[in-house]
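Q: Data: structure.cif, mmCIF, C-alpha atoms.
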```cif
data_final
#
loop_
_atom_site.label_atom_id
_atom_site.label_comp_id
_atom_site.auth_asym_id
_atom_site.auth_seq_id
_atom_site.Cartn_x
_atom_site.Cartn_y
_atom_site.Cartn_z
CA MET A 1 -76.68 30.71 78.30
CA PRO A 2 -79.73 29.69 80.35
CA GLY A 3 -80.72 32.17 83.02
CA SER A 4 -78.49 34.94 81.66
CA LEU A 5 -79.75 38.33 80.51
CA ARG A 6 -78.94 38.92 76.88
CA TRP A 7 -78.85 42.21 74.98
CA GLY A 8 -81.76 41.10 72.80
CA ASP A 9 -83.90 40.57 75.94
CA MET A 10 -83.05 44.08 77.15
CA THR A 11 -83.89 45.73 73.85
CA SER A 12 -87.12 43.79 73.50
CA GLY A 13 -88.10 44.84 77.04
CA THR A 14 -87.32 48.48 76.21
CA SER A 15 -89.39 48.25 73.04
CA ARG A 16 -92.36 46.88 74.99
CA TRP A 17 -92.02 49.69 77.52
CA ARG A 18 -91.96 52.30 74.75
CA ALA A 19 -94.97 50.70 73.11
CA ARG A 20 -96.92 51.14 76.36
CA GLY A 21 -95.51 54.60 77.08
CA TRP A 22 -98.42 56.34 75.39
CA LEU A 23 -100.66 55.05 78.19
CA LEU A 24 -98.45 56.72 80.81
CA ASP A 25 -98.50 59.96 78.80
CA LEU A 26 -102.29 59.83 78.67
CA VAL A 27 -102.54 59.34 82.44
CA VAL A 28 -100.15 62.23 83.17
CA ALA A 29 -101.97 64.50 80.69
CA VAL A 30 -105.40 63.74 82.20
CA LEU A 31 -104.20 64.24 85.77
CA ALA A 32 -102.39 67.48 84.94
CA GLY A 33 -105.40 68.82 83.02
CA LEU A 34 -107.83 67.93 85.81
CA TRP A 35 -105.49 69.53 88.36
CA ASP A 36 -105.44 72.85 86.51
CA ILE A 37 -109.17 72.77 85.67
CA ASN A 38 -109.90 72.14 89.33
CA GLN A 39 -107.76 75.11 90.32
CA LEU A 40 -109.48 77.36 87.78
CA MET A 41 -112.89 76.31 89.09
CA ALA A 42 -111.70 77.04 92.62
CA LEU A 43 -110.60 80.54 91.56
CA HIS A 44 -113.99 81.12 89.95
CA ILE A 45 -115.83 79.95 93.07
CA VAL A 46 -113.89 82.02 95.57
CA GLY A 47 -114.36 85.14 93.45
CA ASP A 48 -113.60 88.32 95.43
CA GLU A 49 -112.49 86.46 98.56
CA VAL A 50 -108.97 85.85 97.11
CA PRO A 51 -106.91 88.85 95.90
CA LEU A 52 -105.56 86.87 92.90
CA ALA A 53 -109.05 85.89 91.72
CA ARG A 54 -110.49 89.37 92.23
CA ASP A 55 -109.06 90.68 88.95
CA LEU A 56 -109.93 87.60 86.91
CA SER A 57 -112.89 87.60 84.60
CA THR A 58 -114.83 84.60 83.47
CA SER A 59 -113.34 84.96 79.98
CA SER A 60 -109.81 84.83 81.44
CA LEU A 61 -110.61 81.61 83.24
CA VAL A 62 -112.12 80.15 80.08
CA VAL A 63 -109.00 81.09 78.08
CA ALA A 64 -106.79 79.50 80.75
CA GLY A 65 -108.96 76.37 80.73
CA CYS A 66 -108.70 76.08 76.94
CA CYS A 67 -104.93 76.50 77.09
CA THR A 68 -104.65 73.83 79.77
CA THR A 69 -106.85 71.43 77.79
CA ALA A 70 -104.82 72.01 74.61
CA ALA A 71 -101.58 71.35 76.49
CA ALA A 72 -102.98 68.13 77.97
CA VAL A 73 -104.14 66.86 74.56
CA ALA A 74 -100.81 67.71 72.93
CA PHE A 75 -98.90 66.01 75.74
CA ALA A 76 -100.95 62.83 75.32
CA LEU A 77 -99.79 62.70 71.68
CA ARG A 78 -96.17 63.68 72.32
CA ARG A 79 -94.68 60.34 71.20
CA ARG A 80 -96.11 60.87 67.70
CA GLN A 81 -95.75 64.65 67.45
CA ARG A 82 -92.83 65.46 69.73
CA HIS A 83 -91.96 68.86 68.26
CA TRP A 84 -95.56 70.03 68.03
CA THR A 85 -96.12 68.96 71.63
CA THR A 86 -93.23 71.18 72.77
CA VAL A 87 -94.60 74.19 70.89
CA VAL A 88 -98.20 73.68 72.09
CA VAL A 89 -97.26 73.13 75.77
CA LEU A 90 -95.03 76.23 75.86
CA ALA A 91 -97.64 78.32 74.03
CA ALA A 92 -100.36 77.12 76.41
CA ALA A 93 -98.21 78.02 79.43
CA ILE A 94 -97.64 81.51 78.03
CA GLY A 95 -101.38 81.84 77.32
CA VAL A 96 -102.27 80.96 80.90
CA VAL A 97 -99.86 83.58 82.22
CA ALA A 98 -101.20 86.14 79.74
CA SER A 99 -104.74 85.49 80.97
CA GLY A 100 -103.66 86.61 84.43
CA VAL A 101 -104.05 83.25 86.17
CA GLY A 102 -100.30 82.92 86.81
CA LEU A 103 -98.64 79.57 87.36
CA ALA A 104 -100.68 76.43 86.81
CA PRO A 105 -99.39 73.36 88.69
CA GLY A 106 -100.46 70.89 85.99
CA LEU A 107 -98.71 72.91 83.29
CA MET A 108 -95.67 73.06 85.58
CA VAL A 109 -95.48 69.25 85.47
CA LEU A 110 -96.02 69.10 81.71
CA ASN A 111 -93.35 71.77 81.12
CA GLY A 112 -90.89 69.85 83.28
CA VAL A 113 -91.41 66.68 81.24
CA VAL A 114 -91.05 68.66 78.00
CA VAL A 115 -87.79 70.24 79.21
CA TYR A 116 -86.38 66.82 80.09
CA SER A 117 -87.59 65.25 76.83
CA VAL A 118 -86.13 68.00 74.63
CA SER A 119 -82.82 68.02 76.54
CA SER A 120 -82.53 64.25 76.25
CA ARG A 121 -83.07 64.26 72.48
CA GLU A 122 -81.89 67.57 71.11
CA ARG A 123 -78.65 69.54 71.35
CA TRP A 124 -78.24 72.81 73.18
CA PRO A 125 -79.28 75.08 70.25
CA VAL A 126 -82.77 73.58 70.59
CA ALA A 127 -82.87 72.58 74.25
CA LEU A 128 -81.60 75.91 75.67
CA PRO A 129 -84.40 78.09 74.21
CA VAL A 130 -87.01 75.65 75.59
CA LEU A 131 -85.39 75.85 79.03
CA LEU A 132 -85.21 79.67 78.93
CA VAL A 133 -88.87 79.95 77.89
CA THR A 134 -89.89 77.64 80.74
CA VAL A 135 -87.81 79.52 83.32
CA GLY A 136 -89.17 82.84 82.04
CA TRP A 137 -92.70 81.50 82.30
CA ILE A 138 -92.11 80.48 85.91
CA VAL A 139 -90.61 83.83 86.86
CA VAL A 140 -93.27 85.95 85.11
CA GLY A 141 -96.15 83.72 86.17
CA SER A 142 -95.07 83.73 89.81
CA LEU A 143 -95.00 87.57 90.11
CA PRO A 144 -98.74 87.95 90.86
CA ILE A 145 -98.58 85.09 93.36
CA VAL A 146 -95.53 86.59 95.11
CA ARG A 147 -97.16 90.03 95.22
CA SER A 148 -100.31 88.57 96.75
CA GLY A 149 -98.23 86.92 99.45
CA ASN A 150 -99.36 83.38 98.57
CA THR A 151 -95.77 82.19 97.94
CA ARG A 152 -92.19 83.21 98.56
CA VAL A 153 -89.31 84.08 96.26
CA GLY A 154 -87.39 81.05 97.56
CA THR A 155 -90.17 78.78 96.39
CA VAL A 156 -89.95 80.27 92.91
CA GLY A 157 -86.20 79.71 92.99
CA MET A 158 -86.74 76.08 93.85
CA LEU A 159 -89.14 75.70 90.90
CA VAL A 160 -86.50 77.20 88.59
CA LEU A 161 -83.86 74.89 90.06
CA VAL A 162 -86.07 71.86 89.42
CA GLN A 163 -86.32 72.82 85.73
CA LEU A 164 -82.54 73.21 85.55
CA LEU A 165 -82.04 69.81 87.14
CA LEU A 166 -84.48 68.24 84.67
CA ALA A 167 -82.52 69.81 81.80
CA VAL A 168 -79.22 68.47 83.19
CA LEU A 169 -80.78 65.04 83.65
CA GLY A 170 -81.93 65.15 80.06
CA VAL A 171 -78.42 66.02 78.86
CA VAL A 172 -76.98 63.13 80.86
CA THR A 173 -79.58 60.80 79.38
CA ARG A 174 -78.76 61.98 75.86
CA SER A 175 -75.04 61.44 76.46
CA ARG A 176 -75.70 57.98 77.83
CA ARG A 177 -77.94 57.14 74.88
CA ALA A 178 -75.28 58.36 72.45
CA ARG A 179 -72.68 56.27 74.23
CA MET A 180 -74.89 53.20 74.08
CA THR A 181 -75.52 53.80 70.37
CA ASP A 182 -71.79 54.13 69.82
CA LEU A 183 -71.15 50.92 71.73
CA GLU A 184 -73.81 49.10 69.73
CA GLU A 185 -72.31 50.34 66.48
CA ARG A 186 -68.86 49.35 67.66
CA ALA A 187 -70.16 45.91 68.60
CA ARG A 188 -71.76 45.54 65.17
CA SER A 189 -68.53 46.71 63.54
CA LEU A 190 -66.51 44.19 65.56
CA GLU A 191 -69.00 41.49 64.64
CA ARG A 192 -68.68 42.37 60.95
CA GLU A 193 -64.90 42.38 61.28
CA ARG A 194 -65.01 39.03 63.04
CA ASP A 195 -67.21 37.60 60.28
CA ALA A 196 -64.85 38.99 57.65
CA ARG A 197 -61.87 37.43 59.39
CA ALA A 198 -63.76 34.16 59.64
CA ARG A 199 -64.48 34.26 55.91
CA VAL A 200 -60.81 35.00 55.15
CA ALA A 201 -59.71 32.20 57.46
CA ALA A 202 -62.20 29.83 55.82
CA ALA A 203 -60.93 30.80 52.37
CA GLU A 204 -57.33 30.22 53.47
CA GLU A 205 -58.33 26.88 54.96
CA ARG A 206 -60.08 25.88 51.74
CA ALA A 207 -56.98 26.86 49.78
CA ARG A 208 -54.80 24.80 52.13
CA ILE A 209 -57.12 21.81 51.80
CA ALA A 210 -57.11 22.20 48.01
CA ARG A 211 -53.31 22.13 47.98
CA GLU A 212 -53.22 19.10 50.26
CA ILE A 213 -55.76 17.20 48.18
CA HIS A 214 -53.96 18.15 44.99
CA ASP A 215 -50.65 16.84 46.33
CA ILE A 216 -52.09 13.64 47.76
CA VAL A 217 -54.35 12.75 44.83
CA SER A 218 -51.83 13.72 42.14
CA HIS A 219 -49.01 11.70 43.62
CA SER A 220 -51.02 8.67 44.71
CA LEU A 221 -53.13 8.38 41.57
CA GLY A 222 -50.08 8.90 39.37
CA THR A 223 -48.28 6.12 41.18
CA MET A 224 -51.31 3.84 41.00
CA VAL A 225 -51.78 4.47 37.27
CA VAL A 226 -48.14 3.63 36.48
CA MET A 227 -48.22 0.44 38.58
CA ALA A 228 -51.60 -0.57 37.13
CA GLU A 229 -50.26 -0.15 33.59
CA GLY A 230 -47.24 -2.32 34.48
CA ALA A 231 -49.48 -4.95 36.02
CA ALA A 232 -51.66 -4.99 32.91
CA GLN A 233 -48.61 -5.60 30.69
CA LEU A 234 -47.32 -8.38 32.97
CA SER A 235 -50.65 -10.05 33.65
CA GLY A 236 -50.18 -12.59 30.86
CA SER A 237 -46.45 -13.36 31.05
CA GLU A 238 -45.73 -12.80 34.76
CA PRO A 239 -48.97 -13.06 36.74
CA GLU A 240 -47.22 -13.24 40.10
CA ARG A 241 -45.34 -10.02 39.49
CA ALA A 242 -48.52 -8.42 38.15
CA GLY A 243 -50.31 -9.49 41.33
CA ALA A 244 -47.56 -7.92 43.43
CA LEU A 245 -47.92 -4.66 41.52
CA MET A 246 -51.69 -4.66 42.02
CA ALA A 247 -51.12 -5.26 45.73
CA ARG A 248 -48.94 -2.15 45.71
CA VAL A 249 -51.75 -0.31 43.92
CA ARG A 250 -54.10 -1.39 46.68
CA ASP A 251 -51.69 -0.34 49.44
CA THR A 252 -51.04 3.02 47.76
CA GLY A 253 -54.77 3.66 47.51
CA ARG A 254 -55.27 2.80 51.15
CA ASP A 255 -52.40 5.03 52.22
CA ALA A 256 -53.78 7.90 50.15
CA THR A 257 -57.25 7.43 51.63
CA THR A 258 -55.85 7.35 55.17
CA GLU A 259 -53.77 10.46 54.58
CA MET A 260 -56.70 12.38 53.10
CA ARG A 261 -58.94 11.32 55.98
CA ARG A 262 -56.28 12.44 58.46
CA MET A 263 -55.99 15.79 56.70
CA LEU A 264 -59.74 16.40 56.63
CA ASP A 265 -60.15 15.28 60.24
CA VAL A 266 -57.87 18.13 61.31
CA LEU A 267 -60.91 20.34 60.79
CA ARG A 268 -62.86 18.35 63.39
CA ASP A 269 -61.75 19.00 66.93
CA ASP A 270 -63.62 15.97 68.25
CA ALA A 271 -62.02 13.51 65.83
CA PRO A 272 -59.35 11.28 67.40
CA THR A 273 -57.44 11.17 64.11
CA SER A 274 -57.03 14.96 64.18
CA ARG A 275 -54.15 14.43 66.59
CA ALA A 276 -52.26 12.23 64.10
CA PRO A 277 -49.07 13.88 62.81
CA GLN A 278 -48.81 15.11 59.24
CA PRO A 279 -46.08 13.63 57.00
CA GLY A 280 -42.63 15.20 57.12
CA LEU A 281 -39.09 14.66 55.96
CA ASP A 282 -38.86 11.56 58.15
CA ARG A 283 -41.23 9.86 55.70
CA LEU A 284 -39.23 10.66 52.57
CA ASP A 285 -37.99 7.08 52.42
CA GLU A 286 -41.58 5.81 52.19
CA LEU A 287 -42.32 8.35 49.47
CA VAL A 288 -39.23 7.36 47.49
CA ASP A 289 -40.05 3.64 47.84
CA SER A 290 -43.56 4.21 46.46
CA VAL A 291 -42.08 5.92 43.39
CA ARG A 292 -39.42 3.25 42.94
CA ALA A 293 -42.19 0.65 42.93
CA THR A 294 -43.37 2.13 39.63
CA GLY A 295 -40.02 1.24 38.05
CA LEU A 296 -38.55 4.72 38.13
CA ARG A 297 -35.03 5.03 39.47
CA VAL A 298 -34.89 7.50 42.39
CA GLU A 299 -31.80 8.50 44.32
CA LEU A 300 -32.12 10.20 47.70
CA ARG A 301 -29.18 11.99 49.28
CA VAL A 302 -29.30 13.74 52.66
CA THR A 303 -26.34 15.89 53.69
CA GLY A 304 -25.62 18.20 56.58
CA GLU A 305 -26.66 18.12 60.19
CA PRO A 306 -30.47 17.98 60.43
CA ALA A 307 -32.01 20.86 62.37
CA GLU A 308 -35.30 20.97 64.22
CA LEU A 309 -38.11 22.01 61.87
CA GLY A 310 -41.57 23.08 62.89
CA ALA A 311 -44.56 20.99 61.85
CA GLY A 312 -45.53 23.50 59.16
CA PRO A 313 -42.15 23.78 57.37
CA ASP A 314 -41.63 20.03 57.72
CA LEU A 315 -44.96 19.32 55.99
CA ALA A 316 -44.21 21.97 53.35
CA ALA A 317 -40.84 20.35 52.58
CA TYR A 318 -42.44 16.92 52.23
CA ARG A 319 -45.20 18.23 49.94
CA ILE A 320 -42.71 20.09 47.75
CA VAL A 321 -40.70 16.91 47.17
CA GLN A 322 -43.90 14.93 46.62
CA GLU A 323 -45.22 17.41 44.04
CA ALA A 324 -41.84 17.59 42.30
CA LEU A 325 -41.83 13.78 41.94
CA THR A 326 -45.39 13.86 40.61
CA ASN A 327 -44.50 16.51 38.05
CA ALA A 328 -41.42 14.57 36.97
CA ARG A 329 -43.42 11.40 36.40
CA ARG A 330 -46.25 13.29 34.68
CA HIS A 331 -44.24 15.56 32.39
CA GLY A 332 -40.88 13.76 32.11
CA GLY A 333 -41.88 11.89 28.96
CA PRO A 334 -40.49 8.62 27.65
CA MET A 335 -36.89 9.75 28.21
CA LEU A 336 -37.34 9.95 31.96
CA SER A 337 -35.21 7.32 33.68
CA MET A 338 -33.96 8.83 36.92
CA VAL A 339 -34.86 11.41 39.55
CA GLU A 340 -32.33 12.79 42.02
CA ILE A 341 -33.44 14.17 45.38
CA ASP A 342 -30.93 16.17 47.42
CA VAL A 343 -31.82 17.27 50.94
CA HIS A 344 -29.10 19.55 52.28
CA HIS A 345 -29.24 20.95 55.81
CA HIS A 346 -27.39 24.27 55.84
CA ASP A 347 -26.65 26.22 59.01
CA ASP A 348 -29.58 28.58 58.48
CA ALA A 349 -31.84 26.91 55.93
CA LEU A 350 -33.03 23.67 54.42
CA GLU A 351 -32.36 23.24 50.70
CA LEU A 352 -34.36 20.77 48.62
CA ARG A 353 -33.36 19.86 45.07
CA VAL A 354 -35.36 17.50 42.84
CA ALA A 355 -33.91 16.98 39.37
CA ASP A 356 -34.85 14.57 36.57
CA ASP A 357 -33.43 13.66 33.16
CA GLY A 358 -36.71 13.83 31.28
CA ARG A 359 -38.16 16.57 29.14
CA GLY A 360 -37.70 20.12 30.27
CA ILE A 361 -40.28 22.87 30.07
CA VAL A 362 -39.21 24.07 26.65
CA ASP A 363 -38.89 20.56 25.22
CA ALA A 364 -42.31 19.55 26.47
CA ASP A 365 -44.13 22.73 25.35
CA PRO A 366 -42.32 25.91 24.19
CA THR A 367 -45.24 28.04 25.38
CA ARG A 368 -45.06 26.83 28.99
CA THR A 369 -43.44 29.09 31.58
CA GLY A 370 -43.26 26.76 34.54
CA ASP A 371 -46.33 28.26 36.26
CA GLY A 372 -48.52 25.16 36.38
CA HIS A 373 -50.98 24.59 39.22
CA GLY A 374 -48.63 22.23 41.02
CA LEU A 375 -45.70 24.65 40.76
CA VAL A 376 -47.87 27.46 42.08
CA GLY A 377 -48.76 25.31 45.07
CA MET A 378 -45.08 24.56 45.76
CA ARG A 379 -44.20 28.24 45.46
CA GLU A 380 -46.99 29.17 47.90
CA ARG A 381 -45.82 26.56 50.39
CA ALA A 382 -42.25 27.87 50.28
CA ALA A 383 -43.33 31.52 50.53
CA ALA A 384 -45.60 30.77 53.49
CA TYR A 385 -42.49 30.05 55.59
CA GLY A 386 -40.25 32.75 54.17
CA GLY A 387 -38.64 30.46 51.62
CA THR A 388 -38.03 30.58 47.89
CA LEU A 389 -38.66 28.22 44.99
CA ALA A 390 -36.78 28.11 41.70
CA VAL A 391 -37.77 25.88 38.77
CA GLY A 392 -36.41 25.48 35.27
CA ASP A 393 -34.59 23.35 32.73
CA ARG A 394 -31.21 21.82 33.53
CA PRO A 395 -28.24 22.74 31.30
CA ASP A 396 -27.65 19.11 30.40
CA GLY A 397 -31.32 18.27 29.93
CA GLY A 398 -34.18 17.56 32.25
CA PHE A 399 -36.04 19.63 34.80
CA GLU A 400 -35.05 20.89 38.24
CA VAL A 401 -36.89 22.20 41.32
CA VAL A 402 -34.90 23.95 44.06
CA ALA A 403 -36.59 25.09 47.27
CA VAL A 404 -34.96 26.86 50.21
CA LEU A 405 -36.76 27.01 53.56
CA PRO A 406 -35.15 29.03 56.37
CA TYR A 407 -35.12 27.47 59.81
CA GLU A 408 -36.57 30.63 61.35
CA PRO A 409 -39.98 31.23 59.75
CA VAL A 410 -40.41 34.69 58.28
CA PRO A 411 -44.01 35.99 58.00
CA SER A 412 -44.89 36.59 54.38
CA GLY A 413 -46.10 40.07 53.53
CA PRO A 414 -49.15 41.03 51.46
CA GLY A 415 -49.00 39.83 47.96
CA ARG A 416 -46.05 37.57 48.58
CA GLY A 417 -45.85 34.23 46.83
#
```
Represent the structure of the file as structure tokens.

A:
Amino acid sequence: MPGSLRWGDMTSGTSRWRARGWLLDLVVAVLAGLWDINQLMALHIVGDEVPLARDLSTSSLVVAGCCTTAAAVAFALRRRQRHWTTVVVLAAAIGVVASGVGLAPGLMVLNGVVVYSVSSRERWPVALPVLLVTVGWIVVGSLPIVRSGNTRVGTVGMLVLVQLLLAVLGVVTRSRRARMTDLEERARSLERERDARARVAAAEERARIAREIHDIVSHSLGTMVVMAEGAAQLSGSEPERAGALMARVRDTGRDATTEMRRMLDVLRDDAPTSRAPQPGLDRLDELVDSVRATGLRVELRVTGEPAELGAGPDLAAYRIVQEALTNARRHGGPMLSMVEIDVHHHDDALELRVADDGRGIVDADPTRTGDGHGLVGMRERAAAYGGTLAVGDRPDGGFEVVAVLPYEPVPSGPGRG
């Protein structure tokens, strides 16, 4: 969204700040080192005039200067050698105290930053010793200054309190950073889950489209092939009737194209045809008429009081009948002469029965089990709405498909169908 602050902008800004952070470390290190060197030079100049400097030798001041310089150099490189910086700064602070100089203000600043940095990145087993060493350094280093009367005990207490506050601030920063990391990981996890759901939904949609295309193409092409064969046989003896059959072939092809376009346009929200209704039981008469046009005798019987069906079960019922008719025409053989369609509205369910007098499963192929692709599609459609599908040979010959769809849809569990 234009003008909005995105997470990528924030992270890129943080990365740029971290990339330039070494410059800030260098400035702080130089200023702290110059501060302490200046103080050491002042102690050397005043000599015996200041009680604290009276007991300091030149070698002690040189040692303190070297320790301060080492701490400043280590601090400037702390983003590359964080652990070594902590060790060097603490050791330098202890060395300055051991030389007799006492507290050094520049080292005080560097130690404070180290305490905060360690507390913000490490847990208490590491951060606590660093804090204790720093507090001990302040207390021990301030003793000569307190004895000389140059500072008060309350001031030392304030310095200790500042270090404690820096440690607490570091802990808060670490907690906040951990929370942000957790939120980022959770966001990535939710994004992966969303993508996975999208892939599953896309796979389900592809499967639905495949079933729809299978039903439409199988039925329409089967009808067109039968009518085209009849027209070819009648083209010489009865050209007018052959022309009428070819007109039906044309109309069937157009209807199939329109229905496929309507089905595919459902996937496009901006397509006006996506609002067109899918076929249902109210179009069974049209379906039966298209099959009768091929010369096959079809009887349709509807019994019971029709109940209100949802769009999904209504489409499933239509497709089941359509696929059953296609299978009858495709596998019925030369003995096929009639198909009976019974639509019975029970009080709690819709029962569909499509039976033919052609070849059964065993007669057509003893190795077949009734699990063809079309039958699988019908079974999936019935199971999707809590229904059942039964197929098999009729006792008196032929093949039968019986589907039961409850009026109240029942969600299908994993592995159902």

Q: Measuring between all atoms listed in the file, which one of A:Gly106, A:Gly230, A:Pro406, A:Gly358 shows the shortest distance to Val339 of chain A?

A: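 Of A:Gly106, A:Gly230, A:Pro406, A:Gly358, the one nearest Val339 of chain A is A:Gly358, counting all atoms listed in the file.
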
Q: Between A:Gly157, A:Pro105, A:Gly386, A:Gly112, which one has atoms that come closest to Asn38 of chain A, using only C-alpha atoms?

A: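 The shortest atom-to-atom distance to Asn38 of chain A comes from A:Pro105.
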
Q: Report as a list in words the residues that result from applying the PyMOL selection byres ((chain A and resi 127) around 10) to the structure here.

A: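 Here the PyMOL selection byres ((chain A and resi 127) around 10) matches Val114, Val115, Tyr116, Ser117, Val118, Ser119, Ser120, Arg121, Glu122, Arg123, Trp124, Pro125, Val126, Leu128, Pro129, Val130, Leu131, Leu132, Ala167, Gly170 and Val171 of chain A.
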
Q: Deliver the residues from the most recent selection as a file, using C-alpha atoms, as a CSV table (one decimal), in the coordinates of the input.

A:
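Result file follows (result.csv):
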```
chain,number,residue,atom,x,y,z
A,114,VAL,CA,-91.0,68.7,78.0
A,115,VAL,CA,-87.8,70.2,79.2
A,116,TYR,CA,-86.4,66.8,80.1
A,117,SER,CA,-87.6,65.2,76.8
A,118,VAL,CA,-86.1,68.0,74.6
A,119,SER,CA,-82.8,68.0,76.5
A,120,SER,CA,-82.5,64.2,76.2
A,121,ARG,CA,-83.1,64.3,72.5
A,122,GLU,CA,-81.9,67.6,71.1
A,123,ARG,CA,-78.6,69.5,71.4
A,124,TRP,CA,-78.2,72.8,73.2
A,125,PRO,CA,-79.3,75.1,70.2
A,126,VAL,CA,-82.8,73.6,70.6
A,128,LEU,CA,-81.6,75.9,75.7
A,129,PRO,CA,-84.4,78.1,74.2
A,130,VAL,CA,-87.0,75.6,75.6
A,131,LEU,CA,-85.4,75.8,79.0
A,132,LEU,CA,-85.2,79.7,78.9
A,167,ALA,CA,-82.5,69.8,81.8
A,170,GLY,CA,-81.9,65.2,80.1
A,171,VAL,CA,-78.4,66.0,78.9
```

Q: So what do you get for atom CA of Leu245 of chain A versus atom CA of Gln278 of chain A, distance-wise?

A: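 Between atom CA of Leu245 of chain A and atom CA of Gln278 of chain A the gap works out to 26.6 Å.
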
Q: In terms of the shortest atom-to-atom distance over only C-alpha atoms, which of A:Arg330, A:Arg319, A:His345, A:Arg179 is closest to Pro306 of chain A?

A: A:His345

Q: For this structure, which residues satisfy the selection - the PyMOL selection byres ((chain A and resi 78) around 12) - when it is evaluated on the file as given? I want them as a compact mmCIF listing (two decimals) with C-alpha atoms, keeping the file's coordinate frame.

A:
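Here's the written file part38.txt:
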```txt
# COMPACT_ATOMS: atom_id res chain seq x y z
CA GLY A 21 -95.51 54.60 77.08
CA TRP A 22 -98.42 56.34 75.39
CA LEU A 23 -100.66 55.05 78.19
CA LEU A 24 -98.45 56.72 80.81
CA ASP A 25 -98.50 59.96 78.80
CA LEU A 26 -102.29 59.83 78.67
CA VAL A 28 -100.15 62.23 83.17
CA ALA A 29 -101.97 64.50 80.69
CA ALA A 71 -101.58 71.35 76.49
CA ALA A 72 -102.98 68.13 77.97
CA VAL A 73 -104.14 66.86 74.56
CA ALA A 74 -100.81 67.71 72.93
CA PHE A 75 -98.90 66.01 75.74
CA ALA A 76 -100.95 62.83 75.32
CA LEU A 77 -99.79 62.70 71.68
CA ARG A 79 -94.68 60.34 71.20
CA ARG A 80 -96.11 60.87 67.70
CA GLN A 81 -95.75 64.65 67.45
CA ARG A 82 -92.83 65.46 69.73
CA HIS A 83 -91.96 68.86 68.26
CA TRP A 84 -95.56 70.03 68.03
CA THR A 85 -96.12 68.96 71.63
CA THR A 86 -93.23 71.18 72.77
CA VAL A 87 -94.60 74.19 70.89
CA VAL A 88 -98.20 73.68 72.09
CA VAL A 89 -97.26 73.13 75.77
CA LEU A 110 -96.02 69.10 81.71
CA VAL A 113 -91.41 66.68 81.24
CA VAL A 114 -91.05 68.66 78.00
CA SER A 117 -87.59 65.25 76.83
CA VAL A 118 -86.13 68.00 74.63
```

Q: For segment 308-312 of chain A, work out the shell of residues within 8 Å, counting only C-alpha atoms and skipping chain neighbours fewer than 2 positions away, then give it as JSON, numbers by chain.

A: {"A": [278, 280, 306, 314, 315, 316, 407]}
